[in-house]
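Contents: one structure, followed by commentary.
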Number of protein chains: 2
Amino acid sequence: MLRSIAMPRDSKNWDLLLTDANVATMVEEGPAYGTIRDAALAISDGRIAWLGAAGELPEANITQTRSLEGRWITPALIDCHTHLVFGGNRAQEFEQRLQGASYEEIARAGGGIMSTVNATRAASAETLLKQTQARLQLLRAEGCATVEIKSGYGLNLDAELKILEVVRELARSADITIRSTFLGAHAIPIEFKNDSDGYIDLVCAEMLPAVHERGLADAVDAYCESIAFSTEQIARVFETAQARGLPVKLHADQLSDGGGAALAAEFSALSADHLEYTTGGGIDALANAGTVAVLLPGAFLTLGETQLPPIERLRDKGVPIAIATDCNPGTSPVCSLRTTMSLATSLFKLTPEECLAGVTRNAAAALGLDEDRGTLATGKRADLAVWDIDHPQVLSYWIGTNELSELYVGGQPL
Amino acid sequence: MLRSIAMPRDSKNWDLLLTDANVATMVEEGPAYGTIRDAALAISDGRIAWLGAAGELPEANITQTRSLEGRWITPALIDCHTHLVFGGNRAQEFEQRLQGASYEEIARAGGGIMSTVNATRAASAETLLKQTQARLQLLRAEGCATVEIKSGYGLNLDAELKILEVVRELARSADITIRSTFLGAHAIPIEFKNDSDGYIDLVCAEMLPAVHERGLADAVDAYCESIAFSTEQIARVFETAQARGLPVKLHADQLSDGGGAALAAEFSALSADHLEYTTGGGIDALANAGTVAVLLPGAFLTLGETQLPPIERLRDKGVPIAIATDCNPGTSPVCSLRTTMSLATSLFKLTPEECLAGVTRNAAAALGLDEDRGTLATGKRADLAVWDIDHPQVLSYWIGTNELSELYVGGQPL
């Protein structure tokens, strides 16, 4: 439906008006889901120019009007924690583990994260680009307009730069937004097996500066765990990042309470991710720092975890909760944000509204993009998902369905 | 690639030869997955005319040859337990439960299975047909060529007939096989709240005969549980079914050990489904009867079950294990057999090979179709799934991906 109406010069100019919609703005205050029924939404220059009940629509010059016939508009989805660029796969190791092989046997047979590091180092940038594009397409098809991608399967200067250049090439070629995170301190590479401090030296003195000088990262992440890096080592990485003006994030307290959440808070991290073993002090620190808790049900499921993240206490303290796929070949072979939302209800007992906030408002905050995305309001980017549903609770309910009708990115339908 | 070769009259005539394939025949004996590498598969009159290593290919008149370029062929998938025909949805109740409402509060607010019964009774056959076609399409897109659908949301003669006629119409209109199961004894309808025996009388005296006379069911199922029907009541249903030559199946021991597995075995049921609480004697009985154990990880996940089905003992006793979506709006809102396979690995620790056998060989047996389907061998129906994978273990590994390249049903590519 195209409609062009001549209007006085001083009135508003809108590129597109979406009518006959229900809108879940996902703003925190007000009704559940920030719902506006029988609403309209106007787009101008890629941003939301007006949003409200259809009955309150002001006069405007409207280039195009489209009826959504009762469909729902939500903020486009955001996957704020992925490891989408990797070589090879770990299906064989996955099978061996289910056949009863121990982690030690798998490591001896060349499995584990180092097998992904080796395959990623060996892969060409072209191969990595092509394989990642296919994964990205799966997320986009479900309504994701912003996807974060971490490095961390290179673990040396050349391979980390290769991964981050692939991420930047994805950002250039994709029609959705890609955010890049440098995760050099993901695991101790074989070359530094007995010298993790030496690897942290390399990360801080060479890798992080090289990444930063090339403009390849929007943030810096690290893995705080007994099998990875200590809080002291990560503090060095974070200090180096912050000296260069890069925000930080942290894989924290996934397998044990290692003080990761408190460390993340101390550095005002954008997010602290996993958090299964975080206890009271860490949660208080996150709340005080305004750090987002990113929960990752795919990894919880795949690892057969039994220790639940401290949901009640995060709620009590008002820590914003995001959820993400953690898409990776070892511990979360999950390339569906919608399935992740369902898993967050069944495994973590998050409500459907918490799940949707977790992939919109709070996921935007976990990437430092909440000024512009994650909720629907005048002035924000028009990143919109349009759904054939009768209520947004449906989005966390079914596994295996896809009710996405349209995805708008910066006001443009894809 | 089309190739037609003139051959002597007495040689074989093949409609289609698939070459450059790896085949997972899923026959029980021999190598893992019944694998034949560098294989070819010939189709004639909708059936597998020849199957083996490419080097052993005999001479034949071949109408068409296609290279699969190293892709894998498996038996087409089979979803052997679904409740795909239903009215309404239970997203609101799903949300209320996660917001902390008790089952009692939900029932008082009109939720629970009776809300689906009411919505299904109220829906037109056309609406049910259209909605079910959409769900069926999701399963077909993942490689399912055979889907079982149960009635059971009607719970009176007219509504059960309506559902089963929708299933038969689906069978006529779909290009895949639909098997129909009469599940009149699914729950006690409100009209018989205090007279479950009276409802069983109705099922046996009127509903089952009417269903059978119209040729609307391939099998009869029932729900054995303290909140549904007793073993004595179900024995009456099963006797009525068997007197009419209909095979039986049973929802058994899902929430408590109610002797369901033993009852199913006593009636040589095709399958006993759920089985979380089945103990030793029941498992021995299943093994002796050759009854398939159908496990339903979607329901286990959705209900937050902690009691695992007795996997080890089923394995020890050689009970064939199938897995299925249990797709239904209340306890398993899952419309993906691939995700179900992944859930069976993470929740039940089934191996990827057990998962694939569970949706091919053993799922065929759970429907009484194993003579013809579920494995690849000369003479069987050419129901084939072709996958862009480097090993069939991948099919139980990723969540959210779909590597299906082609689906052949009765030798025809869809």
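Scheme for the structure tokens: letters A, B, ... for chains in order shown; per-chain residue numbers from 1; ligand numbers from 1 in order shown.
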**Message:** Which residues are close to Thr116 in chain A, i.e. within 8 Å by only C-alpha atoms, leaving aside same-chain residues fewer than 2 positions away? Reply as a list of chain:residue names.
**Reply:** A:Phe86, A:Gly87, A:Gly88, A:Asn89, A:Arg90, A:Gly112, A:Ile113, A:Met114, A:Asn118, A:Ala119, A:Thr120, A:Tyr153, A:Pro329
Kindly save the residues from that selection, with C-alpha atoms included, as a short mmCIF file (atom, residue, chain, number, x, y, z; two decimals), in the first residue's frame.
data_model
loop_
_atom_site.label_atom_id
_atom_site.label_comp_id
_atom_site.auth_asym_id
_atom_site.auth_seq_id
_atom_site.Cartn_x
_atom_site.Cartn_y
_atom_site.Cartn_z
CA PHE A 86 35.67 -20.91 14.23
CA GLY A 87 37.20 -23.59 12.05
CA GLY A 88 36.20 -27.26 12.03
CA ASN A 89 33.59 -28.67 14.35
CA ARG A 90 33.59 -30.76 17.50
CA GLY A 112 38.84 -29.88 23.34
CA ILE A 113 39.18 -26.16 22.68
CA MET A 114 42.69 -26.65 21.23
CA ASN A 118 44.15 -25.58 15.50
CA ALA A 119 41.34 -25.75 12.93
CA THR A 120 40.78 -21.99 13.13
CA TYR A 153 40.15 -19.35 18.80
CA PRO A 329 31.35 -25.63 18.62
#
Identify every residue of chain A that has at least one atom within 7 Å of any atom of chain B, counting only C-alpha atoms, and report the result as a short mmCIF file (atom, residue, chain, number, x, y, z; two decimals) with C-alpha atoms, in the first residue's frame.
data_model
loop_
_atom_site.label_atom_id
_atom_site.label_comp_id
_atom_site.auth_asym_id
_atom_site.auth_seq_id
_atom_site.Cartn_x
_atom_site.Cartn_y
_atom_site.Cartn_z
CA ALA A 91 30.92 -33.30 16.53
CA GLU A 95 30.00 -38.19 20.15
CA LEU A 98 28.41 -39.35 24.91
CA GLN A 99 30.01 -42.74 24.29
CA LEU A 301 22.35 -27.52 28.76
CA THR A 302 25.29 -28.82 26.74
CA GLY A 304 24.87 -30.85 31.80
CA PRO A 333 26.39 -25.73 19.57
CA VAL A 334 23.28 -23.57 19.40
CA CYS A 335 22.55 -21.30 16.47
CA SER A 336 19.03 -20.20 17.47
CA SER A 346 12.60 -24.27 30.99
CA LYS A 349 12.60 -20.34 34.87
CA LEU A 350 12.91 -16.87 33.38
CA THR A 351 9.54 -15.46 32.40
CA PRO A 352 8.78 -14.87 28.70
CA GLN A 393 4.88 -14.46 25.21
CA VAL A 394 4.73 -16.85 22.22
CA TYR A 397 7.09 -20.66 24.14
CA TRP A 398 7.57 -22.69 20.96
CA ILE A 399 10.78 -24.44 19.96
CA GLY A 400 11.27 -24.92 16.24
CA THR A 401 8.81 -22.34 14.91
#
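From CA of Val167 in chain A back to CA of Leu216 in chain A, the distance works out to 8.3 Å.
Summary of the local environment: counting only C-alpha atoms, residues at most 12 Å from Gly198 in chain B, other than itself and those fewer than 5 positions away along its chain, are B:Ala185, B:Ile188, B:Pro189, B:Ile190, B:Glu191, B:Phe192, B:Lys193, B:Val203, B:Cys204, B:Ala205, B:Glu206, B:Phe229, B:Gln233.
CA of Glu160 in chain A to CA of His274 in chain A spans 23.0 Å [interatomic distance, one decimal].
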**Message:** What's the separation between CA of Gly52 in chain A and CA of Ala377 in chain A, in Å to one decimal place?
**Reply:** 9.2 Å
**Message:** List as a count of residues only the protein and nucleic acid residues near Leu51 in chain A, meaning an atom at most 12 Å away when only C-alpha atoms are counted, but skip any in the same chain fewer than 6 places from it.
**Reply:** 31
**Request:** Report as JSON, numbers by chain: the residues of range 93-294 of chain B with a DSSP assignment of strand (DSSP E), based on the backbone of this structure.
**Result:** {"B": [144, 145, 146, 147, 148, 149, 150, 177, 178, 179, 180, 181, 182, 183, 184, 185, 219, 220, 221, 222, 223, 224, 249, 250, 251, 252, 271, 272, 273, 274, 292, 293, 294]}
**Request:** List every residue of range 167-233 of chain B that DSSP, applied to the backbone of this structure, places in helix (DSSP H, G or I), and write the result as a PyMOL selection string.
**Result:** chain B and resi 167-173+190-192+196-213+231-233
Take the selection from the previous step and output its residues with C-alpha atoms, as a PDB file, in the first residue's frame.
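Contents of out.pdb, as written:
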ATOM      1  CA  VAL B 167      -5.576 -36.198  10.088  1.00  0.00           C
ATOM      2  CA  ARG B 168      -6.883 -38.252   7.151  1.00  0.00           C
ATOM      3  CA  GLU B 169      -7.257 -35.086   5.064  1.00  0.00           C
ATOM      4  CA  LEU B 170      -3.661 -34.199   5.935  1.00  0.00           C
ATOM      5  CA  ALA B 171      -2.670 -37.688   4.810  1.00  0.00           C
ATOM      6  CA  ARG B 172      -4.433 -37.164   1.488  1.00  0.00           C
ATOM      7  CA  SER B 173      -3.053 -33.687   0.844  1.00  0.00           C
ATOM      8  CA  ILE B 190     -15.353 -32.437  32.142  1.00  0.00           C
ATOM      9  CA  GLU B 191     -18.641 -34.175  31.306  1.00  0.00           C
ATOM     10  CA  PHE B 192     -17.371 -37.336  33.055  1.00  0.00           C
ATOM     11  CA  SER B 196     -14.135 -42.002  34.408  1.00  0.00           C
ATOM     12  CA  ASP B 197     -15.545 -45.525  33.999  1.00  0.00           C
ATOM     13  CA  GLY B 198     -18.503 -43.993  32.205  1.00  0.00           C
ATOM     14  CA  TYR B 199     -16.148 -42.257  29.792  1.00  0.00           C
ATOM     15  CA  ILE B 200     -14.258 -45.512  29.176  1.00  0.00           C
ATOM     16  CA  ASP B 201     -17.643 -47.129  28.438  1.00  0.00           C
ATOM     17  CA  LEU B 202     -18.231 -44.438  25.827  1.00  0.00           C
ATOM     18  CA  VAL B 203     -14.750 -44.866  24.331  1.00  0.00           C
ATOM     19  CA  CYS B 204     -15.200 -48.634  24.041  1.00  0.00           C
ATOM     20  CA  ALA B 205     -18.854 -48.808  23.044  1.00  0.00           C
ATOM     21  CA  GLU B 206     -19.172 -45.835  20.718  1.00  0.00           C
ATOM     22  CA  MET B 207     -16.067 -43.827  19.958  1.00  0.00           C
ATOM     23  CA  LEU B 208     -13.598 -46.565  19.095  1.00  0.00           C
ATOM     24  CA  PRO B 209     -16.117 -48.510  16.945  1.00  0.00           C
ATOM     25  CA  ALA B 210     -17.100 -45.326  15.088  1.00  0.00           C
ATOM     26  CA  VAL B 211     -13.456 -44.432  14.485  1.00  0.00           C
ATOM     27  CA  HIS B 212     -12.706 -47.949  13.295  1.00  0.00           C
ATOM     28  CA  GLU B 213     -15.727 -48.245  11.013  1.00  0.00           C
ATOM     29  CA  THR B 231      -4.509 -49.983  34.046  1.00  0.00           C
ATOM     30  CA  GLU B 232      -7.904 -51.734  34.345  1.00  0.00           C
ATOM     31  CA  GLN B 233      -9.637 -49.017  32.339  1.00  0.00           C
TER      32      GLN B 233
END
**Request:** Please provide the set of residues having any atom within 6 Å of Thr360 in chain B, restricted to only C-alpha atoms, with same-chain residues fewer than 4 positions apart removed, written as a count of residues only.
**Result:** 3
**Message:** Quick one: residues within 6 Å of Gly154 in chain B, only C-alpha atoms, excluding same-chain residues fewer than 3 positions away - as a PyMOL selection string?
**Reply:** chain B and resi 117+121+159-160
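With only C-alpha atoms as the atoms that count, the minimum distance from Arg236 in chain A to the choices A:Ser268, A:Leu263, A:Asp218, A:Ile149 is reached by A:Leu263.
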